[in-house]
Amino acid sequence: MINELVFSGFGGQGVLTAGLIFSEMALKEGKEVSWMPAYGPTMRGGKANSVVKFGDEALGSPNMEEIDVLVAMNQPSMEYAEFMKKEGKVFLNSDMIPDDTDIRNDVEVIRIPCVSLAQQIKNLKGANLVMVGAVIKKCAFFEKNFAIETLKDYFKEKGKGNYNEANEAAFLAGFDAIK
Amino acid sequence: MKEMWKGNHAIAEGALRGGLQFYSGYPITPQTEVMEFLSFRMPELGRHFVQAENEIAAINMVFGASATGLRSMTGSSGPGISLKQEGISYLSYNDLPAVIVNVQRWGAALGTLDSSQTDYLRDTRGGGHGDYRIIVWAPNSIQETVDLLYEAFEKAEEYRNPVEIYSEAALGQMMEPCEMPEFKERGYDLEWSWDGTDRDHERVDMDQKPIHHTAKFKKIIENEQRWESINTEDAEYVFVALGLPSRVARDAVKRLRSDGEKVGLIRPIAIWPYPKKAFEELPEGIRGFLSIETTDMGQHVEDVALAVKKGFKTNIPVYVHATNQKMPKVKEVIEVYRQLKAGNLKEAF
């Protein structure tokens with residue numbers, strides 16, 4: 001089986017990074033994986049998304065086809081809901097997407113106030129990692145500690161290991177937000 | 001150990017592993033990451049990197065470096081490769097090996113930054129003036145991109161002709177796990193290069209050039225057709241696709257097969273020389289071919305039609321699904337197939 005995850009938001013919200021962290025987890029577990037980014041010419045603002053596919057079989061199309069998990073960091077990202085599988089899960093940033101937003105009724109909606117949660121632990125830039133934590137808990141694609149270690153390794157390799165404590169806290173804030 | 005590699009970085013590292021010694025280029029989206037990577041990696045390895053003043057200078061530096069026997073490469077996207085055509089024509093005419101990377105974007109002129117395959121006809125027909133061709137390889141994954149680059153210099157040296165890697169913007173941007181091969185060097189002397197001695201450079205006399213070149217290209221056509229066939233043994237309809245769209249086509253074949261549809265896929269890996277042999281070994285009874293490509297009017301479909309014409313006595317219809325700068329979706333290809341089968345699609349050839 002192949003899992004298709006889409007992380008979508010404005011440029012700067014960390015949706016490419018969130019996808020890369022999942023890719024690393026899948027790679028470490030020996031799975032086939034592809035990561036396909038889409039973004040405009042600006043680094044901040046504008047639409048951005050990354051499509052991550054992973055599974056045990058060889059991967060075909062790396063593009064958005066039929067989404068299992070959509071992480072929507074802003075309102076415009078909700079347009080991708082039309083590509084979701086029935087019974088798919090959409091994790092939406094409830095700090096930026098109003099509760100009365102019209103969403104198809106054959107998908108499971110998980111509202112995470114990821115910006116507020118990130119603010120509470122004083123790591124506003126970690127809102128994407130809050131979402132990563134929530135997806136890991138809810139979907140159980142990967143084991144919790146393995147996910148945290150992979151996340152830390154990812155930032156360490158980027159020379160950003162100093163933020164690992166704050167990043168782990170962001171992950172846990174999302175993880176614990178799922179009851 | 002497999003690591004996640006971005007397509008453009010993998011092109012650069014794959015070429016280095018394959019023995020790249022000299023690179024010259026000029027930046028252009030979506031290829032710039034290739035040369036950006038090489039700009040620090042080549043000095044690290046003690047090799048030669050030049051950001052040229054323009055594309056024409058870059059290809060002519062490659063000409064010079066190649067003549068002295070260095071494994072040489074340049075790269076660009078559609079507009080830049082157009083500027084390099086005179087140089088590529090000269091490389092082929094003078095029997096000089098080189099590797100050219102085209103990370104394609106859509107369109108004529110400046111076009112857009114979207115991923116596409118709209119350089120197909122130019123690149124598979126030589127591109128510049130004169131009746132020459134270059135070997136063109138179209139990978140569909142990051143690992144295959146690396147594997148082809150790793151082999152490209154040797155192939156260019158074997159035939160003393162340029163080899164092009166025909167990539168796409170999206171293939172350059174995406175990441176996949178990739179195993180990098182060990183570094184290798186040319187373990188043999190080219191015997192003809194300008195190495196400072198007065199040795200014979202094996203230059204072909206002007207009046208012998210037409211015969212010499214005809215023989216060279218015939219040999220390449222005979223020996224260098226490459227392709228992958230999937231589920232074609234009993235196919236009634238055959239999809240033909242290369243590069244990234246071939247992965248969409250492969251998914252579509254898999255799904256249609258599970259519904260009992262007799263469909264198969266031919267994926268040309270070499271797009272020049274075109275793998276006509278793949279068509280010759282198909283079973284009797286095929287009812288149609290469908291080319292799936294990210295061009296506007298259909299370019300690859302012309303080669304499909306030529307191959308079908310050569311491979312079959314009967315006139316089998318050839319269709320095209322050309323999606324411009326947008327990657328087709330699997331569901332869309334399945335729907336096109338159903339329309340084709342129902343007789344609602346107009347044939348291209």
# chains A, B, ... in the order shown; residues from 1 in each chain; ligands from 1
>>> residues_around(residues="Glu24 (chain A)", least_positions_apart="6", cutoff="10 Å", atoms="only C-alpha atoms", output="number ranges by chain")
A: 30-31, 33, 35, 147, 150-151, 153-154; B: 3-4, 176-177
>>> residues_around(residues="Asn105 (chain A)", least_positions_apart="5", cutoff="12 Å", atoms="only C-alpha atoms", output="number ranges by chain")
A: 81-82, 84-90
>>> write_last_selection(atoms="all heavy atoms", output="tab-separated table (two decimals), in the first residue's frame")
chain	number	residue	atom	x	y	z
A	81	ALA	N	-8.69	19.42	-0.85
A	81	ALA	CA	-9.57	18.41	-0.26
A	81	ALA	C	-10.30	17.62	-1.36
A	81	ALA	O	-10.63	16.45	-1.17
A	81	ALA	CB	-10.58	19.07	0.68
A	82	GLU	N	-10.47	18.25	-2.51
A	82	GLU	CA	-11.18	17.54	-3.59
A	82	GLU	C	-10.39	16.33	-4.10
A	82	GLU	O	-10.95	15.44	-4.72
A	82	GLU	CB	-11.50	18.49	-4.76
A	82	GLU	CG	-10.29	18.93	-5.54
A	82	GLU	CD	-10.65	19.53	-6.91
A	82	GLU	OE1	-11.21	18.80	-7.74
A	82	GLU	OE2	-10.36	20.72	-7.12
A	84	MET	N	-8.85	14.29	-2.10
A	84	MET	CA	-8.70	13.30	-1.01
A	84	MET	C	-9.49	12.03	-1.26
A	84	MET	O	-10.53	12.04	-1.91
A	84	MET	CB	-9.13	13.93	0.32
A	84	MET	CG	-8.16	14.99	0.78
A	84	MET	SD	-8.63	15.64	2.38
A	84	MET	CE	-8.34	14.19	3.40
A	85	LYS	N	-8.94	10.94	-0.72
A	85	LYS	CA	-9.68	9.68	-0.75
A	85	LYS	C	-10.84	9.78	0.22
A	85	LYS	O	-10.77	10.52	1.21
A	85	LYS	CB	-8.76	8.55	-0.27
A	85	LYS	CG	-7.89	7.96	-1.33
A	85	LYS	CD	-7.15	6.75	-0.75
A	85	LYS	CE	-6.00	6.36	-1.65
A	85	LYS	NZ	-4.94	5.65	-0.95
A	86	LYS	N	-11.86	9.00	-0.04
A	86	LYS	CA	-12.92	8.87	0.97
A	86	LYS	C	-12.29	8.33	2.24
A	86	LYS	O	-11.42	7.47	2.17
A	86	LYS	CB	-13.99	7.91	0.47
A	86	LYS	CG	-15.00	8.57	-0.43
A	86	LYS	CD	-16.09	7.61	-0.84
A	86	LYS	CE	-16.93	8.27	-1.93
A	86	LYS	NZ	-17.77	7.33	-2.65
A	87	GLU	N	-12.76	8.81	3.37
A	87	GLU	CA	-12.23	8.39	4.67
A	87	GLU	C	-10.82	8.92	4.93
A	87	GLU	O	-10.18	8.51	5.88
A	87	GLU	CB	-12.20	6.86	4.85
A	87	GLU	CG	-13.40	6.10	4.32
A	87	GLU	CD	-14.66	6.33	5.13
A	87	GLU	OE1	-14.56	6.32	6.37
A	87	GLU	OE2	-15.73	6.54	4.51
A	88	GLY	N	-10.33	9.77	4.05
A	88	GLY	CA	-9.01	10.38	4.29
A	88	GLY	C	-9.08	11.32	5.48
A	88	GLY	O	-10.17	11.62	5.99
A	89	LYS	N	-7.91	11.75	5.91
A	89	LYS	CA	-7.86	12.62	7.09
A	89	LYS	C	-7.30	13.99	6.71
A	89	LYS	O	-6.25	14.07	6.09
A	89	LYS	CB	-6.96	12.00	8.16
A	89	LYS	CG	-7.50	10.68	8.73
A	89	LYS	CD	-6.55	10.13	9.77
A	89	LYS	CE	-7.08	8.86	10.41
A	89	LYS	NZ	-7.21	7.74	9.47
A	90	VAL	N	-8.03	15.03	7.12
A	90	VAL	CA	-7.48	16.36	6.92
A	90	VAL	C	-7.19	17.00	8.28
A	90	VAL	O	-8.05	17.07	9.15
A	90	VAL	CB	-8.41	17.26	6.04
A	90	VAL	CG1	-9.83	17.29	6.56
A	90	VAL	CG2	-7.87	18.68	5.96
>>> closest_residue(among="A:Val71, A:Val135, A:Met78, A:Leu5", to="Leu172 (chain A)", atoms="only C-alpha atoms")
A:Val135
>>> select_by_dssp(residues="region 43-140 of chain A", states="strand (DSSP E)", output="number ranges by chain")
A: 47-55, 67-72, 84-93, 108-112
>>> closest_atom_pairs(of="chain B", to="chain A", cutoff="12 Å", atoms="only C-alpha atoms", output="Markdown table")
| residue | atom | partner | partner_atom | distance |
| --- | --- | --- | --- | --- |
| B:Met1 | CA | A:Lys28 | CA | 10.3 |
| B:Lys2 | CA | A:Leu27 | CA | 7.9 |
| B:Glu3 | CA | A:Leu27 | CA | 7.6 |
| B:Met4 | CA | A:Glu24 | CA | 7.4 |
| B:Trp5 | CA | A:Trp35 | CA | 9.8 |
| B:Lys6 | CA | A:Trp35 | CA | 8.9 |
| B:Gly7 | CA | A:Met36 | CA | 10.4 |
| B:Thr29 | CA | A:Pro41 | CA | 10.6 |
| B:Pro30 | CA | A:Pro41 | CA | 11.4 |
| B:Thr112 | CA | A:Pro41 | CA | 12.0 |
| B:Leu113 | CA | A:Pro41 | CA | 9.7 |
| B:Asp114 | CA | A:Ala38 | CA | 10.2 |
| B:Ser115 | CA | A:Ala38 | CA | 10.9 |
| B:Asn140 | CA | A:Gly60 | CA | 9.7 |
| B:Ser141 | CA | A:Gly60 | CA | 9.6 |
| B:Ile142 | CA | A:Ser34 | CA | 9.7 |
| B:Gln143 | CA | A:Ser34 | CA | 11.6 |
| B:Ala169 | CA | A:Ala38 | CA | 10.9 |
| B:Ala170 | CA | A:Met36 | CA | 7.6 |
| B:Leu171 | CA | A:Met36 | CA | 8.7 |
| B:Gly172 | CA | A:Met36 | CA | 9.8 |
| B:Gln173 | CA | A:Pro37 | CA | 6.9 |
| B:Met174 | CA | A:Met36 | CA | 4.5 |
| B:Met175 | CA | A:Trp35 | CA | 5.0 |
| B:Glu176 | CA | A:Ser34 | CA | 4.8 |
| B:Pro177 | CA | A:Val33 | CA | 6.8 |
| B:Cys178 | CA | A:Leu27 | CA | 10.1 |
| B:Glu179 | CA | A:Leu27 | CA | 12.0 |
| B:Gly243 | CA | A:Ser61 | CA | 10.7 |
| B:Leu244 | CA | A:Ser61 | CA | 7.3 |
| B:Pro245 | CA | A:Ser61 | CA | 7.6 |
| B:Ser246 | CA | A:Ser61 | CA | 8.2 |
| B:Arg247 | CA | A:Gly60 | CA | 4.5 |
| B:Val248 | CA | A:Ser61 | CA | 4.6 |
| B:Ala249 | CA | A:Ser61 | CA | 8.2 |
| B:Arg250 | CA | A:Gly60 | CA | 6.5 |
| B:Asp251 | CA | A:Gly60 | CA | 5.6 |
| B:Ala252 | CA | A:Gly60 | CA | 9.2 |
| B:Val253 | CA | A:Gly60 | CA | 10.6 |
| B:Lys254 | CA | A:Gly60 | CA | 9.8 |
| B:Arg255 | CA | A:Gly60 | CA | 11.5 |
| B:Lys326 | CA | A:Asn63 | CA | 10.5 |
| B:Met327 | CA | A:Asn63 | CA | 7.8 |
| B:Pro328 | CA | A:Asn63 | CA | 9.0 |
| B:Lys329 | CA | A:Glu65 | CA | 6.3 |
| B:Val330 | CA | A:Glu65 | CA | 7.1 |
| B:Lys331 | CA | A:Glu65 | CA | 8.0 |
| B:Glu332 | CA | A:Glu65 | CA | 9.9 |
| B:Val333 | CA | A:Glu65 | CA | 11.8 |
>>> residues_around(residues="Met131 (chain A)", least_positions_apart="3", cutoff="10 Å", atoms="only C-alpha atoms", output="ChimeraX atom specification")
/A:7,15,18,71-73,91-93,112-115,118,126-128,134-137,170-175,177
>>> closest_residue(among="B:Ala235, B:Ala342, B:Val136, B:Ala348", to="Pro275 (chain B)", atoms="only C-alpha atoms")
B:Val136
>>> select_by_dssp(residues="region 10-157 of chain A", states="alpha helix (DSSP H)", output="PyMOL selection string")
chain A and resi 15-28+114-120+127-139+144-157
>>> atom_distance(atom1="CA of Val238 (chain B)", atom2="CA of Leu282 (chain B)")
9.5 Å
>>> residues_around(residues="His129 (chain B)", least_positions_apart="3", cutoff="12 Å", atoms="only C-alpha atoms", output="list in words")
Ser82, Lys84, Gln85, Glu86, Gly87, Ile88, Ser89, Tyr90, Leu91, Ser92, Tyr93, Arg122, Arg125, Gly126, Tyr132 and Arg133 of chain B
